[in-house]
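Trainee: Shown below is the structure under consideration.
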Amino acid sequence: MSTKISFENNFDYSSHNLNTSVLKELYENMLLSRMIEEKMLILLRQGKISKWFSGIGQEAISVGVTMALNLEEYILPMHRNLGVFTTRQIPLHRLFCQWQGKASGFTKGRDRSFHFGTQDYKIVGMISHLGPQLGVANGIALASKLKNKLHVTAVFTGEGGTSEGDFHEALNIASVWQLPVLFCIENNGYGLSTPTSEQYNCENLIDRAIGYGMESHIINGNNVVEVFSKVNSIVESVRQDPRPILIEFKTFRMRGHEEASGTKYVPDELMTFWSEKDPVLNFEEFLVHNNIISEEENNTLKNEISKEIDQNLQKAYDEETIIPDLTTELNDVYKTFNYQEVKEIKVSKEIRFIDAISEGLKQSMEQHSDLIIMGQDIAEYGGVFKITEGFVEQFGKDRVRNTPICESGIVEAAMGLSIAGIKSVVEMQFADFVSSGFNPIVNYLAKSHYRWNQQADVVIRMPCGAGVAAGPFHSQTNEAWFTKTPGLKVVYPAFPHDAKGLLATAINDPNPVLFFEHKALYRNIRQDVPTEYYTLPIGKASLLQEGKDVSIITFGASVHWAMEVLNRNEDINADLIDLRSLQPLDTETIFTSVNKTGKAIILQEDSLFGGIASDVSSLIMENCFEYLDAPVKRVASIETPIPFVSQLENQYLAKNRFEKELLELLEY
Ligand SMILES: Cc1ncc(C[n+]2csc(CCOP(=O)(O)OP(=O)(O)O)c2C)c(N)n1
Ligand SMILES: [Mg+2]
């Protein structure tokens, strides 16, 4: 199997009528990128840099696209798009510092190569997983559409990346929502060692656009004049008439996937064929031959660039290496959030858990005039649990957005909205389905503040839990999938009053918050709840009942299980702690209680291994050992998936074992 070379490259530079200064700028930008790369290859051989993904031979695409966009328009480049960064005129020493992991780079040494973004230059770099940024571009474009900005967002992918689900979700969402995004595929023949014939089975990748109802173009990616002119006219048109466009740039990867891996698997004739189409050399020849640039001017330009590179490299070398500081590292995982208390006004009404969430969400929509909510069937239908019933009438379809069944793509869009300064709430129809959006949550949202100081101002609502006889895919309580990941907050209320106030705070908090809502509580638990908007602090447990003999530590529906047991056993003298928030965790309340009672039992609805109970137990052992009168006890569900039929579900759940375990612990 080999890579197709059937595309006929056209190197007619004169048919596009660009003026001399544009032609020179295109050349200078390509030359800068090429010369930096050539320098990097030397440094690599000298062992001065560790890894390099070369874009040699593909410069026309980065430069042409970037020059066709305005500086306020976002670009989301990949690992071979050095030309995007240099054409946006990022100071070279900062790029070199980034690659050397120095402080003047963009990630304080926390991430390598092109894995960074910068709001100053409206560039949002990739995460390693390739596909997610395609959906992020949608969110940025949605923001510009909602703000009537007439901006275009350009996002890059290789042809290999188009096989990922993210690509298909992103194109589908962009088309359904008519978002002004240029999806730029750089088809360079290989994805690592995999040729196009083993990557996809259609003639051209733009054939996919038909299926998504999207306009598409093929562009000769080695002809910078064609790239710039065509993209320029496409961009002009998209600004007037917002819509997504799929562009396939035909080009070739002239070096290995990364420098160390070589190109042994690439047939010689392909290399020869494409080396004749070098975008920089061909254009240089055209400019010199037509006296658009003189030989002398050209030489001067090369000398200047060479000097600039050397000076900036020296500046980067001269900068000290990063000295690790634990506090700085820990503090940068989350964006600082100054909690503002909005006090409760006394007027209250007895409502159900579900009403409290609906009311909290609605009042947050009123508080934040540009807050967007997105989810499947949440608009006219009101969501499967009817939490957003009536929202469309009040807030309109721009802000209450039905989504296609694209969990990853929607989480990514939420990230994009946040980059463009807009808060959002995503409703997972069931918490179980979050697995289809797992990657952007744990890799994109969770890590972006730590990596490049970019907040992910997103709340993900998670209707979860057992007791509704719904089986392995509609009853899980999967908080432990997320409490493990630094950068996420996890909130899990058990009462209507807490749910309303904590949801308001989760939305105010600029960090990504997983907000768990137990379905069995939705219609069963009622409480007096203030009718007006109010907030409650995240990270504070609540001590529901005080006693001296044992500390019961739990959260979610199992708080109510524990209360039932205590109601049946009035002689048990227990502290009952409802954690309310799992990340951050209120260890102070836990330790104070255990130090007083000397006994601790942790009850969790999820199966035992690797759950919150295990960590709470360890924390107690490590911090309260001298006060303990008995081993810490964990009570959790059995180590199987959660079953459907109620007899099996009852056997599965920790609920029915808790009383016995508690009594045994008291006896110890
Ligand atoms: C989810 C995921 N799978 C695999 C990889 C490893 N990987 C990194 S780049 C790459 C090839 C990408 O090919 P393509 O999209 O064509 O871009 P190119 O490198 O050719 O520019 C692979 C397989 C990864 N980074 N992430
Ligand atoms: Mg490729």
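Residues are named by chain letter and number: chains run A, B, ... in the order of the structure tokens, numbers start at 1 in each chain, and ligands are numbered from 1 in the order shown.
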At a cut-off of 10 Å, can you tabulate as JSON lines every residue of chain A near ligand 1 together with its closest atom pair and the distance in Å to one decimal, using only C-alpha atoms and all ligand atoms and ordering rows by chain then number?
Mentor:
```
{"residue": "A:Phe53", "atom": "CA", "partner": "ligand 1", "partner_atom_place_in_ligand_line": "19 (O)", "distance": 7.8}
{"residue": "A:Ser54", "atom": "CA", "partner": "ligand 1", "partner_atom_place_in_ligand_line": "21 (O)", "distance": 8.6}
{"residue": "A:Gly55", "atom": "CA", "partner": "ligand 1", "partner_atom_place_in_ligand_line": "21 (O)", "distance": 7.8}
{"residue": "A:Gln58", "atom": "CA", "partner": "ligand 1", "partner_atom_place_in_ligand_line": "21 (O)", "distance": 9.3}
{"residue": "A:Met78", "atom": "CA", "partner": "ligand 1", "partner_atom_place_in_ligand_line": "21 (O)", "distance": 7.4}
{"residue": "A:His79", "atom": "CA", "partner": "ligand 1", "partner_atom_place_in_ligand_line": "21 (O)", "distance": 6.8}
{"residue": "A:Arg80", "atom": "CA", "partner": "ligand 1", "partner_atom_place_in_ligand_line": "21 (O)", "distance": 5.9}
{"residue": "A:Asn81", "atom": "CA", "partner": "ligand 1", "partner_atom_place_in_ligand_line": "21 (O)", "distance": 8.8}
{"residue": "A:Met126", "atom": "CA", "partner": "ligand 1", "partner_atom_place_in_ligand_line": "25 (N)", "distance": 9.9}
{"residue": "A:Ile127", "atom": "CA", "partner": "ligand 1", "partner_atom_place_in_ligand_line": "25 (N)", "distance": 8.1}
{"residue": "A:Ser128", "atom": "CA", "partner": "ligand 1", "partner_atom_place_in_ligand_line": "25 (N)", "distance": 4.5}
{"residue": "A:His129", "atom": "CA", "partner": "ligand 1", "partner_atom_place_in_ligand_line": "26 (N)", "distance": 3.7}
{"residue": "A:Leu130", "atom": "CA", "partner": "ligand 1", "partner_atom_place_in_ligand_line": "26 (N)", "distance": 5.7}
{"residue": "A:Gly131", "atom": "CA", "partner": "ligand 1", "partner_atom_place_in_ligand_line": "1 (C)", "distance": 7.4}
{"residue": "A:Pro132", "atom": "CA", "partner": "ligand 1", "partner_atom_place_in_ligand_line": "1 (C)", "distance": 9.1}
{"residue": "A:Phe156", "atom": "CA", "partner": "ligand 1", "partner_atom_place_in_ligand_line": "15 (O)", "distance": 9.3}
{"residue": "A:Thr157", "atom": "CA", "partner": "ligand 1", "partner_atom_place_in_ligand_line": "15 (O)", "distance": 5.8}
{"residue": "A:Gly158", "atom": "CA", "partner": "ligand 1", "partner_atom_place_in_ligand_line": "15 (O)", "distance": 3.2}
{"residue": "A:Glu159", "atom": "CA", "partner": "ligand 1", "partner_atom_place_in_ligand_line": "16 (O)", "distance": 4.1}
{"residue": "A:Gly160", "atom": "CA", "partner": "ligand 1", "partner_atom_place_in_ligand_line": "15 (O)", "distance": 3.4}
{"residue": "A:Gly161", "atom": "CA", "partner": "ligand 1", "partner_atom_place_in_ligand_line": "15 (O)", "distance": 3.8}
{"residue": "A:Thr162", "atom": "CA", "partner": "ligand 1", "partner_atom_place_in_ligand_line": "15 (O)", "distance": 6.7}
{"residue": "A:Ser163", "atom": "CA", "partner": "ligand 1", "partner_atom_place_in_ligand_line": "15 (O)", "distance": 8.3}
{"residue": "A:Glu164", "atom": "CA", "partner": "ligand 1", "partner_atom_place_in_ligand_line": "1 (C)", "distance": 7.6}
{"residue": "A:Gly165", "atom": "CA", "partner": "ligand 1", "partner_atom_place_in_ligand_line": "1 (C)", "distance": 10.0}
{"residue": "A:Asp166", "atom": "CA", "partner": "ligand 1", "partner_atom_place_in_ligand_line": "1 (C)", "distance": 9.9}
{"residue": "A:Ile185", "atom": "CA", "partner": "ligand 1", "partner_atom_place_in_ligand_line": "15 (O)", "distance": 8.5}
{"residue": "A:Glu186", "atom": "CA", "partner": "ligand 1", "partner_atom_place_in_ligand_line": "21 (O)", "distance": 6.9}
{"residue": "A:Asn187", "atom": "CA", "partner": "ligand 1", "partner_atom_place_in_ligand_line": "16 (O)", "distance": 6.6}
{"residue": "A:Asn188", "atom": "CA", "partner": "ligand 1", "partner_atom_place_in_ligand_line": "20 (O)", "distance": 5.7}
{"residue": "A:Gly189", "atom": "CA", "partner": "ligand 1", "partner_atom_place_in_ligand_line": "20 (O)", "distance": 7.0}
{"residue": "A:Tyr190", "atom": "CA", "partner": "ligand 1", "partner_atom_place_in_ligand_line": "20 (O)", "distance": 5.1}
{"residue": "A:Gly191", "atom": "CA", "partner": "ligand 1", "partner_atom_place_in_ligand_line": "13 (O)", "distance": 3.2}
{"residue": "A:Leu192", "atom": "CA", "partner": "ligand 1", "partner_atom_place_in_ligand_line": "11 (C)", "distance": 4.5}
{"residue": "A:Ser193", "atom": "CA", "partner": "ligand 1", "partner_atom_place_in_ligand_line": "11 (C)", "distance": 8.0}
{"residue": "A:Thr194", "atom": "CA", "partner": "ligand 1", "partner_atom_place_in_ligand_line": "13 (O)", "distance": 8.1}
{"residue": "A:Pro195", "atom": "CA", "partner": "ligand 1", "partner_atom_place_in_ligand_line": "16 (O)", "distance": 8.8}
{"residue": "A:Thr196", "atom": "CA", "partner": "ligand 1", "partner_atom_place_in_ligand_line": "16 (O)", "distance": 8.3}
{"residue": "A:Gln199", "atom": "CA", "partner": "ligand 1", "partner_atom_place_in_ligand_line": "16 (O)", "distance": 8.8}
{"residue": "A:Phe252", "atom": "CA", "partner": "ligand 1", "partner_atom_place_in_ligand_line": "20 (O)", "distance": 8.5}
{"residue": "A:Arg253", "atom": "CA", "partner": "ligand 1", "partner_atom_place_in_ligand_line": "20 (O)", "distance": 6.7}
{"residue": "A:Gly256", "atom": "CA", "partner": "ligand 1", "partner_atom_place_in_ligand_line": "19 (O)", "distance": 8.9}
{"residue": "A:His257", "atom": "CA", "partner": "ligand 1", "partner_atom_place_in_ligand_line": "19 (O)", "distance": 5.8}
{"residue": "A:Glu258", "atom": "CA", "partner": "ligand 1", "partner_atom_place_in_ligand_line": "19 (O)", "distance": 8.2}
{"residue": "A:Asn439", "atom": "CA", "partner": "ligand 1", "partner_atom_place_in_ligand_line": "1 (C)", "distance": 9.1}
```
Trainee: Among segment 118-250 of chain A, which ones does DSSP place in strand (DSSP E or B), written as a count of residues only?
Mentor: 32
Trainee: Step one, run DSSP on the backbone; step two, keep only residues of segment 150-395 of chain A assigned to alpha helix (DSSP H); then write them as an MDAnalysis selection string.
Mentor: chainID A and resid 165:176 207:212 224:240 268:275 279:289 295:318 326:331 353:367 391:395
Trainee: Leaving out Ala630 of chain A and any residue of its chain fewer than 2 positions from it, which residues lie within 12 Å of it when counting only C-alpha atoms, given as a ChimeraX atom specification?
Mentor: /A:549-551,594,597-601,620-621,624-628,632-633,662,664-668
Trainee: Out of A:Ser348, A:Gly64, A:Glu198, A:Pro631, which residue has the shortest atom-to-atom distance to ligand 2 when counting only C-alpha atoms and all ligand atoms?
Mentor: A:Glu198
Trainee: Residues near segment 405-415 of chain A, anyone? I mean within 8 Å using only C-alpha atoms, not counting same-chain ones fewer than 2 positions away, as number ranges by chain.
Mentor: A: 132-133, 135-140, 166, 169-170, 173, 374-376, 403, 417-419, 423-426, 428, 433-434, 436-441, 444-445, 456-458
Trainee: Create the file for the chosen residues now, containing C-alpha atoms and written as a compact mmCIF listing (two decimals), in the first residue's frame.
Mentor:
```
# COMPACT_ATOMS: atom_id res chain seq x y z
CA PRO A 132 -10.13 17.59 20.47
CA GLN A 133 -9.14 21.00 19.16
CA GLY A 135 -14.41 20.73 18.66
CA VAL A 136 -12.78 23.54 20.64
CA ALA A 137 -12.74 25.62 17.44
CA ASN A 138 -16.51 25.16 17.29
CA GLY A 139 -16.93 26.71 20.73
CA ILE A 140 -14.80 29.71 19.80
CA ASP A 166 -13.60 14.14 17.39
CA GLU A 169 -18.38 15.11 15.85
CA ALA A 170 -16.84 18.52 15.24
CA ILE A 173 -21.85 20.08 15.15
CA MET A 374 -26.04 22.69 26.09
CA GLY A 375 -27.27 19.13 26.11
CA GLN A 376 -29.31 16.51 24.35
CA THR A 403 -27.04 19.21 20.80
CA LEU A 417 -16.67 29.03 24.66
CA SER A 418 -14.55 29.43 27.78
CA ILE A 419 -11.52 30.42 25.69
CA LYS A 423 -19.46 30.32 30.66
CA SER A 424 -21.39 27.18 29.91
CA VAL A 425 -23.19 24.28 31.53
CA VAL A 426 -23.29 20.94 29.74
CA MET A 428 -24.97 14.85 30.34
CA PHE A 433 -22.64 8.78 29.00
CA VAL A 434 -19.80 11.01 30.13
CA SER A 436 -18.11 9.31 25.50
CA GLY A 437 -16.81 12.76 26.47
CA PHE A 438 -14.10 11.58 28.83
CA ASN A 439 -11.02 12.62 26.90
CA PRO A 440 -11.69 16.36 26.65
CA ILE A 441 -12.74 16.49 30.32
CA TYR A 444 -8.35 19.32 28.01
CA LEU A 445 -10.54 20.98 30.65
CA ALA A 456 -12.14 26.01 31.54
CA ASP A 457 -15.25 27.76 32.81
CA VAL A 458 -17.53 24.77 32.39
```
Trainee: Can you tell me which residues surround segment 483-496 of chain A at a distance of at most 6 Å, considering only C-alpha atoms, apart from same-chain residues fewer than 5 positions away, and format the answer as a ChimeraX atom specification?
Mentor: /A:333-334,353,356,446-447,512-516,556,580-583
Trainee: Now that the selection is made, can you save its residues with N, CA, C and O atoms as an mmCIF file, in the first residue's frame?
Mentor:
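Below is the file selection-v6.cif, written as the result:
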```
data_model
loop_
_atom_site.group_PDB
_atom_site.id
_atom_site.type_symbol
_atom_site.label_atom_id
_atom_site.label_comp_id
_atom_site.auth_asym_id
_atom_site.auth_seq_id
_atom_site.Cartn_x
_atom_site.Cartn_y
_atom_site.Cartn_z
ATOM 1 N N VAL A 333 -2.891 24.719 39.382
ATOM 2 C CA VAL A 333 -3.786 23.681 38.852
ATOM 3 C C VAL A 333 -5.193 24.254 38.640
ATOM 4 O O VAL A 333 -5.854 23.985 37.642
ATOM 5 N N TYR A 334 -5.611 25.090 39.588
ATOM 6 C CA TYR A 334 -6.931 25.723 39.486
ATOM 7 C C TYR A 334 -6.767 27.228 39.362
ATOM 8 O O TYR A 334 -5.825 27.800 39.910
ATOM 9 N N PHE A 353 -35.826 18.031 45.177
ATOM 10 C CA PHE A 353 -34.418 18.134 44.759
ATOM 11 C C PHE A 353 -34.328 18.619 43.301
ATOM 12 O O PHE A 353 -33.568 19.539 42.976
ATOM 13 N N ALA A 356 -35.088 22.231 42.849
ATOM 14 C CA ALA A 356 -34.014 23.092 43.348
ATOM 15 C C ALA A 356 -32.930 23.259 42.283
ATOM 16 O O ALA A 356 -32.393 24.356 42.088
ATOM 17 N N ALA A 446 -9.355 19.738 32.351
ATOM 18 C CA ALA A 446 -8.650 19.599 33.627
ATOM 19 C C ALA A 446 -7.251 20.211 33.597
ATOM 20 O O ALA A 446 -6.783 20.735 34.586
ATOM 21 N N LYS A 447 -6.595 20.149 32.446
ATOM 22 C CA LYS A 447 -5.170 20.509 32.416
ATOM 23 C C LYS A 447 -4.881 21.888 31.848
ATOM 24 O O LYS A 447 -3.743 22.343 31.877
ATOM 25 N N PRO A 512 -13.378 23.917 35.870
ATOM 26 C CA PRO A 512 -14.321 22.888 35.444
ATOM 27 C C PRO A 512 -14.890 22.119 36.642
ATOM 28 O O PRO A 512 -14.124 21.631 37.479
ATOM 29 N N VAL A 513 -16.197 22.029 36.723
ATOM 30 C CA VAL A 513 -16.852 21.364 37.850
ATOM 31 C C VAL A 513 -17.754 20.251 37.328
ATOM 32 O O VAL A 513 -18.591 20.474 36.457
ATOM 33 N N LEU A 514 -17.560 19.040 37.874
ATOM 34 C CA LEU A 514 -18.487 17.939 37.626
ATOM 35 C C LEU A 514 -19.531 18.013 38.724
ATOM 36 O O LEU A 514 -19.184 17.910 39.908
ATOM 37 N N PHE A 515 -20.784 18.207 38.348
ATOM 38 C CA PHE A 515 -21.839 18.414 39.336
ATOM 39 C C PHE A 515 -22.770 17.200 39.317
ATOM 40 O O PHE A 515 -23.559 17.024 38.387
ATOM 41 N N PHE A 516 -22.641 16.354 40.349
ATOM 42 C CA PHE A 516 -23.411 15.112 40.395
ATOM 43 C C PHE A 516 -24.786 15.338 41.023
ATOM 44 O O PHE A 516 -24.897 15.947 42.084
ATOM 45 N N GLY A 556 -24.160 12.151 48.752
ATOM 46 C CA GLY A 556 -25.152 11.732 47.751
ATOM 47 C C GLY A 556 -26.300 10.966 48.380
ATOM 48 O O GLY A 556 -26.680 11.190 49.534
ATOM 49 N N ARG A 580 -20.672 16.664 50.565
ATOM 50 C CA ARG A 580 -21.173 17.672 49.611
ATOM 51 C C ARG A 580 -20.228 17.955 48.445
ATOM 52 O O ARG A 580 -20.662 18.155 47.315
ATOM 53 N N SER A 581 -18.952 18.018 48.741
ATOM 54 C CA SER A 581 -17.966 18.270 47.688
ATOM 55 C C SER A 581 -16.837 17.267 47.880
ATOM 56 O O SER A 581 -16.370 17.048 48.994
ATOM 57 N N LEU A 582 -16.418 16.606 46.807
ATOM 58 C CA LEU A 582 -15.378 15.569 46.903
ATOM 59 C C LEU A 582 -14.027 16.111 46.469
ATOM 60 O O LEU A 582 -12.983 15.599 46.837
ATOM 61 N N GLN A 583 -14.061 17.118 45.651
ATOM 62 C CA GLN A 583 -12.813 17.765 45.207
ATOM 63 C C GLN A 583 -13.111 19.238 45.018
ATOM 64 O O GLN A 583 -13.807 19.562 44.076
#
```
Trainee: For Asn223 of chain A, find every residue with an atom within 12 Å (counting only C-alpha atoms), except residues of its own chain fewer than 4 positions away, and show them as a ChimeraX atom specification.
Mentor: /A:8-16,23,26-27,30,57-65,219,227-230,249-251,277-284,286
Trainee: Could you work out how far atom CA of Ala499 of chain A lies from atom CA of Asn453 of chain A, giving the answer in Å with one decimal?
Mentor: 29.1 Å
Trainee: For segment 463-479 of chain A, list every protein, DNA or RNA residue within 7 Å, evaluated using only C-alpha atoms, and leave out those in the same chain fewer than 5 positions away; present the list as a ChimeraX atom specification.
Mentor: /A:429-432,516-520,606,641-646
